[in-house]
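Q: Input file: work_18.pdb. Contents: PDB, C-alpha atoms and all ligand atoms.
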MODEL        1
ATOM      1  CA  MET A 218     -47.304  36.218  92.672  1.00  0.00           C
ATOM      2  CA  PRO A 219     -46.184  35.291  89.139  1.00  0.00           C
ATOM      3  CA  THR A 220     -45.610  37.887  86.438  1.00  0.00           C
ATOM      4  CA  TYR A 221     -46.654  37.751  82.794  1.00  0.00           C
ATOM      5  CA  ASN A 222     -45.284  39.616  79.805  1.00  0.00           C
ATOM      6  CA  LEU A 223     -48.161  40.906  77.780  1.00  0.00           C
ATOM      7  CA  LYS A 224     -48.235  42.985  74.619  1.00  0.00           C
ATOM      8  CA  VAL A 225     -51.107  45.415  74.904  1.00  0.00           C
ATOM      9  CA  ASN A 226     -51.858  48.083  72.308  1.00  0.00           C
ATOM     10  CA  GLY A 227     -48.380  47.651  70.872  1.00  0.00           C
ATOM     11  CA  GLU A 228     -46.571  48.067  74.192  1.00  0.00           C
ATOM     12  CA  LYS A 229     -44.903  45.463  76.368  1.00  0.00           C
ATOM     13  CA  GLN A 230     -46.421  45.257  79.819  1.00  0.00           C
ATOM     14  CA  VAL A 231     -45.465  43.181  82.819  1.00  0.00           C
ATOM     15  CA  VAL A 232     -48.481  42.100  84.816  1.00  0.00           C
ATOM     16  CA  GLU A 233     -48.286  40.570  88.266  1.00  0.00           C
ATOM     17  CA  ALA A 234     -51.293  38.342  88.742  1.00  0.00           C
ATOM     18  CA  GLU A 235     -52.471  34.857  89.613  1.00  0.00           C
ATOM     19  CA  SER A 236     -52.298  32.551  86.597  1.00  0.00           C
ATOM     20  CA  ASP A 237     -56.077  32.284  86.354  1.00  0.00           C
ATOM     21  CA  THR A 238     -56.714  36.026  86.562  1.00  0.00           C
ATOM     22  CA  PRO A 239     -58.939  36.944  83.621  1.00  0.00           C
ATOM     23  CA  LEU A 240     -57.397  39.339  81.128  1.00  0.00           C
ATOM     24  CA  LEU A 241     -60.299  41.731  81.793  1.00  0.00           C
ATOM     25  CA  TRP A 242     -59.098  42.351  85.346  1.00  0.00           C
ATOM     26  CA  ALA A 243     -55.437  42.581  84.346  1.00  0.00           C
ATOM     27  CA  LEU A 244     -56.401  45.274  81.845  1.00  0.00           C
ATOM     28  CA  ARG A 245     -58.607  47.198  84.228  1.00  0.00           C
ATOM     29  CA  ASP A 246     -56.834  46.744  87.567  1.00  0.00           C
ATOM     30  CA  ASN A 247     -53.159  46.326  86.600  1.00  0.00           C
ATOM     31  CA  LEU A 248     -52.955  48.474  83.486  1.00  0.00           C
ATOM     32  CA  ASP A 249     -55.740  50.989  84.139  1.00  0.00           C
ATOM     33  CA  LEU A 250     -57.296  50.320  80.725  1.00  0.00           C
ATOM     34  CA  VAL A 251     -60.855  50.711  81.917  1.00  0.00           C
ATOM     35  CA  GLY A 252     -62.504  51.107  78.514  1.00  0.00           C
ATOM     36  CA  THR A 253     -63.046  47.348  78.494  1.00  0.00           C
ATOM     37  CA  LYS A 254     -66.120  46.686  80.611  1.00  0.00           C
ATOM     38  CA  PHE A 255     -67.327  43.961  82.940  1.00  0.00           C
ATOM     39  CA  GLY A 256     -70.862  42.881  82.166  1.00  0.00           C
ATOM     40  CA  CYS A 257     -71.557  39.276  83.069  1.00  0.00           C
ATOM     41  CA  GLY A 258     -68.164  37.668  83.664  1.00  0.00           C
ATOM     42  CA  ILE A 259     -69.289  34.428  82.037  1.00  0.00           C
ATOM     43  CA  GLY A 260     -68.809  35.087  78.341  1.00  0.00           C
ATOM     44  CA  GLN A 261     -72.441  35.892  77.623  1.00  0.00           C
ATOM     45  CA  CYS A 262     -72.711  39.641  77.033  1.00  0.00           C
ATOM     46  CA  GLY A 263     -69.695  40.823  75.001  1.00  0.00           C
ATOM     47  CA  ALA A 264     -69.008  43.957  77.082  1.00  0.00           C
ATOM     48  CA  CYS A 265     -65.441  42.772  77.713  1.00  0.00           C
ATOM     49  CA  THR A 266     -64.531  42.134  74.057  1.00  0.00           C
ATOM     50  CA  VAL A 267     -60.953  42.879  72.985  1.00  0.00           C
ATOM     51  CA  HIS A 268     -58.870  41.707  70.034  1.00  0.00           C
ATOM     52  CA  ILE A 269     -56.428  38.847  70.498  1.00  0.00           C
ATOM     53  CA  ASP A 270     -54.251  38.604  67.401  1.00  0.00           C
ATOM     54  CA  GLY A 271     -56.999  40.501  65.585  1.00  0.00           C
ATOM     55  CA  THR A 272     -59.863  38.238  66.636  1.00  0.00           C
ATOM     56  CA  ALA A 273     -62.707  39.544  68.795  1.00  0.00           C
ATOM     57  CA  THR A 274     -62.424  37.699  72.108  1.00  0.00           C
ATOM     58  CA  ARG A 275     -64.108  37.930  75.496  1.00  0.00           C
ATOM     59  CA  SER A 276     -61.519  38.967  78.014  1.00  0.00           C
ATOM     60  CA  CYS A 277     -63.519  37.860  81.062  1.00  0.00           C
ATOM     61  CA  LEU A 278     -62.835  34.211  80.226  1.00  0.00           C
ATOM     62  CA  LEU A 279     -59.184  34.380  79.222  1.00  0.00           C
ATOM     63  CA  PRO A 280     -56.500  33.773  81.855  1.00  0.00           C
ATOM     64  CA  VAL A 281     -53.455  36.065  81.612  1.00  0.00           C
ATOM     65  CA  SER A 282     -51.225  32.999  81.691  1.00  0.00           C
ATOM     66  CA  ALA A 283     -52.433  32.016  78.193  1.00  0.00           C
ATOM     67  CA  LEU A 284     -51.600  35.319  76.519  1.00  0.00           C
ATOM     68  CA  GLU A 285     -47.861  35.848  76.629  1.00  0.00           C
ATOM     69  CA  ASP A 286     -47.246  35.573  72.868  1.00  0.00           C
ATOM     70  CA  LYS A 287     -50.420  37.318  71.766  1.00  0.00           C
ATOM     71  CA  GLU A 288     -51.154  40.785  70.447  1.00  0.00           C
ATOM     72  CA  ILE A 289     -53.836  42.255  72.687  1.00  0.00           C
ATOM     73  CA  THR A 290     -55.754  45.305  71.491  1.00  0.00           C
ATOM     74  CA  THR A 291     -58.277  47.143  73.631  1.00  0.00           C
ATOM     75  CA  ILE A 292     -60.620  49.975  72.722  1.00  0.00           C
ATOM     76  CA  GLU A 293     -57.896  52.404  73.847  1.00  0.00           C
ATOM     77  CA  GLY A 294     -55.538  50.999  71.213  1.00  0.00           C
ATOM     78  CA  LEU A 295     -57.973  50.563  68.334  1.00  0.00           C
ATOM     79  CA  SER A 296     -57.152  53.920  66.757  1.00  0.00           C
ATOM     80  CA  GLU A 297     -55.717  57.364  67.323  1.00  0.00           C
ATOM     81  CA  ASN A 298     -58.390  59.554  68.907  1.00  0.00           C
ATOM     82  CA  GLY A 299     -61.381  57.479  67.881  1.00  0.00           C
ATOM     83  CA  SER A 300     -60.542  57.637  64.185  1.00  0.00           C
ATOM     84  CA  HIS A 301     -61.392  54.035  63.299  1.00  0.00           C
ATOM     85  CA  PRO A 302     -64.198  53.887  60.693  1.00  0.00           C
ATOM     86  CA  VAL A 303     -66.450  52.030  63.156  1.00  0.00           C
ATOM     87  CA  GLN A 304     -65.898  54.729  65.777  1.00  0.00           C
ATOM     88  CA  GLN A 305     -66.582  57.446  63.199  1.00  0.00           C
ATOM     89  CA  ALA A 306     -69.805  55.729  62.136  1.00  0.00           C
ATOM     90  CA  TRP A 307     -70.733  55.318  65.809  1.00  0.00           C
ATOM     91  CA  LYS A 308     -70.609  59.090  66.223  1.00  0.00           C
ATOM     92  CA  GLU A 309     -72.393  59.739  62.931  1.00  0.00           C
ATOM     93  CA  VAL A 310     -75.338  57.531  63.913  1.00  0.00           C
ATOM     94  CA  ASP A 311     -75.184  58.679  67.548  1.00  0.00           C
ATOM     95  CA  VAL A 312     -75.323  55.065  68.694  1.00  0.00           C
ATOM     96  CA  PRO A 313     -74.814  55.157  72.458  1.00  0.00           C
ATOM     97  CA  GLN A 314     -77.601  55.567  74.924  1.00  0.00           C
ATOM     98  CA  CYS A 315     -75.994  54.534  78.214  1.00  0.00           C
ATOM     99  CA  GLY A 316     -72.772  53.609  76.360  1.00  0.00           C
ATOM    100  CA  TYR A 317     -71.818  50.720  78.611  1.00  0.00           C
ATOM    101  CA  CYS A 318     -71.637  48.080  75.876  1.00  0.00           C
ATOM    102  CA  GLN A 319     -70.122  50.233  73.171  1.00  0.00           C
ATOM    103  CA  ALA A 320     -66.437  49.360  73.588  1.00  0.00           C
ATOM    104  CA  GLY A 321     -67.291  45.678  73.238  1.00  0.00           C
ATOM    105  CA  GLN A 322     -69.624  46.360  70.327  1.00  0.00           C
ATOM    106  CA  ILE A 323     -66.982  48.415  68.506  1.00  0.00           C
ATOM    107  CA  MET A 324     -64.288  45.787  69.080  1.00  0.00           C
ATOM    108  CA  THR A 325     -66.570  43.058  67.735  1.00  0.00           C
ATOM    109  CA  ALA A 326     -67.589  45.162  64.727  1.00  0.00           C
ATOM    110  CA  SER A 327     -64.049  46.227  63.842  1.00  0.00           C
ATOM    111  CA  ALA A 328     -62.723  42.653  63.929  1.00  0.00           C
ATOM    112  CA  PHE A 329     -65.720  41.488  61.891  1.00  0.00           C
ATOM    113  CA  LEU A 330     -65.164  44.102  59.176  1.00  0.00           C
ATOM    114  CA  GLU A 331     -61.544  43.003  58.854  1.00  0.00           C
ATOM    115  CA  THR A 332     -62.758  39.552  57.832  1.00  0.00           C
ATOM    116  CA  ASN A 333     -65.831  40.734  55.902  1.00  0.00           C
ATOM    117  CA  PRO A 334     -65.353  44.315  54.665  1.00  0.00           C
ATOM    118  CA  LYS A 335     -68.603  44.424  52.662  1.00  0.00           C
ATOM    119  CA  PRO A 336     -71.155  42.498  54.707  1.00  0.00           C
ATOM    120  CA  THR A 337     -74.869  42.219  54.040  1.00  0.00           C
ATOM    121  CA  GLU A 338     -77.388  43.451  56.619  1.00  0.00           C
ATOM    122  CA  GLU A 339     -78.006  39.868  57.619  1.00  0.00           C
ATOM    123  CA  GLU A 340     -74.297  39.171  58.078  1.00  0.00           C
ATOM    124  CA  ILE A 341     -73.972  42.265  60.285  1.00  0.00           C
ATOM    125  CA  LYS A 342     -76.921  41.123  62.374  1.00  0.00           C
ATOM    126  CA  ILE A 343     -75.412  37.675  62.850  1.00  0.00           C
ATOM    127  CA  ALA A 344     -71.919  39.025  63.603  1.00  0.00           C
ATOM    128  CA  MET A 345     -73.211  41.452  66.237  1.00  0.00           C
ATOM    129  CA  ASN A 346     -75.725  39.039  67.712  1.00  0.00           C
ATOM    130  CA  GLY A 347     -73.575  38.023  70.702  1.00  0.00           C
ATOM    131  CA  ASN A 348     -73.079  41.570  72.001  1.00  0.00           C
ATOM    132  CA  ILE A 349     -75.912  42.561  74.290  1.00  0.00           C
ATOM    133  CA  CYS A 350     -77.077  46.187  74.528  1.00  0.00           C
ATOM    134  CA  ARG A 351     -79.195  46.850  77.591  1.00  0.00           C
ATOM    135  CA  CYS A 352     -80.708  49.934  75.917  1.00  0.00           C
ATOM    136  CA  SER A 353     -81.677  47.873  72.871  1.00  0.00           C
ATOM    137  CA  ALA A 354     -79.935  50.209  70.434  1.00  0.00           C
ATOM    138  CA  TYR A 355     -79.547  47.333  68.000  1.00  0.00           C
ATOM    139  CA  ASN A 356     -80.872  49.203  64.962  1.00  0.00           C
ATOM    140  CA  ARG A 357     -78.385  52.042  65.411  1.00  0.00           C
ATOM    141  CA  ILE A 358     -75.547  49.588  66.078  1.00  0.00           C
ATOM    142  CA  GLN A 359     -76.282  47.687  62.876  1.00  0.00           C
ATOM    143  CA  ARG A 360     -76.632  50.936  60.899  1.00  0.00           C
ATOM    144  CA  ALA A 361     -73.263  52.159  62.175  1.00  0.00           C
ATOM    145  CA  VAL A 362     -71.560  48.895  61.197  1.00  0.00           C
ATOM    146  CA  ALA A 363     -73.123  49.184  57.727  1.00  0.00           C
ATOM    147  CA  ILE A 364     -71.893  52.776  57.347  1.00  0.00           C
ATOM    148  CA  ALA A 365     -68.398  51.770  58.493  1.00  0.00           C
ATOM    149  CA  SER A 366     -68.325  49.185  55.721  1.00  0.00           C
ATOM    150  CA  GLU A 367     -69.136  51.701  52.970  1.00  0.00           C
TER
HETATM  151 FE1  LIG B 401     -67.285  39.056  79.370  1.00  0.00          FE
HETATM  152 FE2  LIG B 401     -69.909  39.535  79.643  1.00  0.00          FE
HETATM  153  S1  LIG B 401     -68.241  40.370  80.787  1.00  0.00           S
HETATM  154  S2  LIG B 401     -68.906  38.391  78.094  1.00  0.00           S
ENDMDL
END
How does this structure look as structure tokens?
A:
Amino acid sequence: MPTYNLKVNGEKQVVEAESDTPLLWALRDNLDLVGTKFGCGIGQCGACTVHIDGTATRSCLLPVSALEDKEITTIEGLSENGSHPVQQAWKEVDVPQCGYCQAGQIMTASAFLETNPKPTEEEIKIAMNGNICRCSAYNRIQRAVAIASE
């Protein structure tokens, strides 16, 4: 099986996988970074969102073979001990119900706030629109993103 040199959360990792293995499975199965979740596997739900060179990206669609020169950040590498402003706001608003989608939501929100640090409510709604929450905690999610931007 081929090997790929990945840079994940600032560390070099060698992953042995088929070339079309989605990053999601390399993270979870090869590197034991299980904070990134599998939801749909077809790019529709956002549960698997990570940052690739700072951009929120769905890891279920990305083959490991396309990622050798990229900076990959997962929820485990977003901050020290959950100290990112989005994670702090998440706790303040008590966002999670089942919690399954939250890593993807937080990765989408944190990348969004890098590009738009002072968004309007409408901009937050649009930015977070592609991340599905099966508990429908959308109001709390949007409130947390707004607080993180303050
Ligand atoms: Fe990747 Fe749903 S698991 S978008």
Q: For stretch 223-240 of chain A, list every protein, DNA or RNA residue within 12 Å, evaluated using all atoms listed in the file, and leave out those in the same chain fewer than 3 positions away; present the list as an NGL selection string.
A: :A and (218-220 or 243-251 or 253-255 or 258-260 or 265-271 or 274-297)
Q: With only C-alpha atoms as the counted atoms, please give the residues lying no more than 7 Å from A:Val312, apart from itself and same-chain residues fewer than 6 positions off, as number ranges by chain.
A: A: 354, 357-358
Q: May I ask for the distance between atom CA of A:Trp242 and atom CA of A:Gly263, given in Å to one decimal place?
A: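 A separation of 14.9 Å between them.
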Q: Would you mind telling me which residue in A:Gln359, A:Gln314, A:Ser327, A:Gln319 lies nearest to A:Lys342 when using all atoms listed in the file?
A: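 Once distances to A:Lys342 are computed over all atoms listed in the file, the minimum belongs to A:Gln359.
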Q: Looking at A:Asn333, A:Asn356, A:Asn222, A:Thr272, which one is nearest to A:Trp307, with distances taken over only C-alpha atoms?
A: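 Residue with the minimum atom-to-atom distance to A:Trp307: A:Asn356.
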Q: Apply the PyMOL selection byres (((chain A and resi 262) around 7) and not hetatm) to the structure shown and report the selected residues as number ranges by chain.
A: A: 256-257, 260-261, 263-264, 347-349
Q: Which of these residues is nearest to ligand LIG 401 (chain B), using all atoms listed in the file: A:Leu241, A:Ala273, A:Ala361, A:Val303?
A: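 Ranked by minimum distance to ligand LIG 401 (chain B), first place goes to A:Leu241.
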Q: Could you give me the centre and size, in Å to one decimal, of an axis-aligned box around all listed atoms of ligand LIG 401 (chain B) with 5 Å added on every side, as AutoDock Vina command-line options?
A:
--center_x -68.6 --center_y 39.4 --center_z 79.4 --size_x 12.6 --size_y 12.0 --size_z 12.7
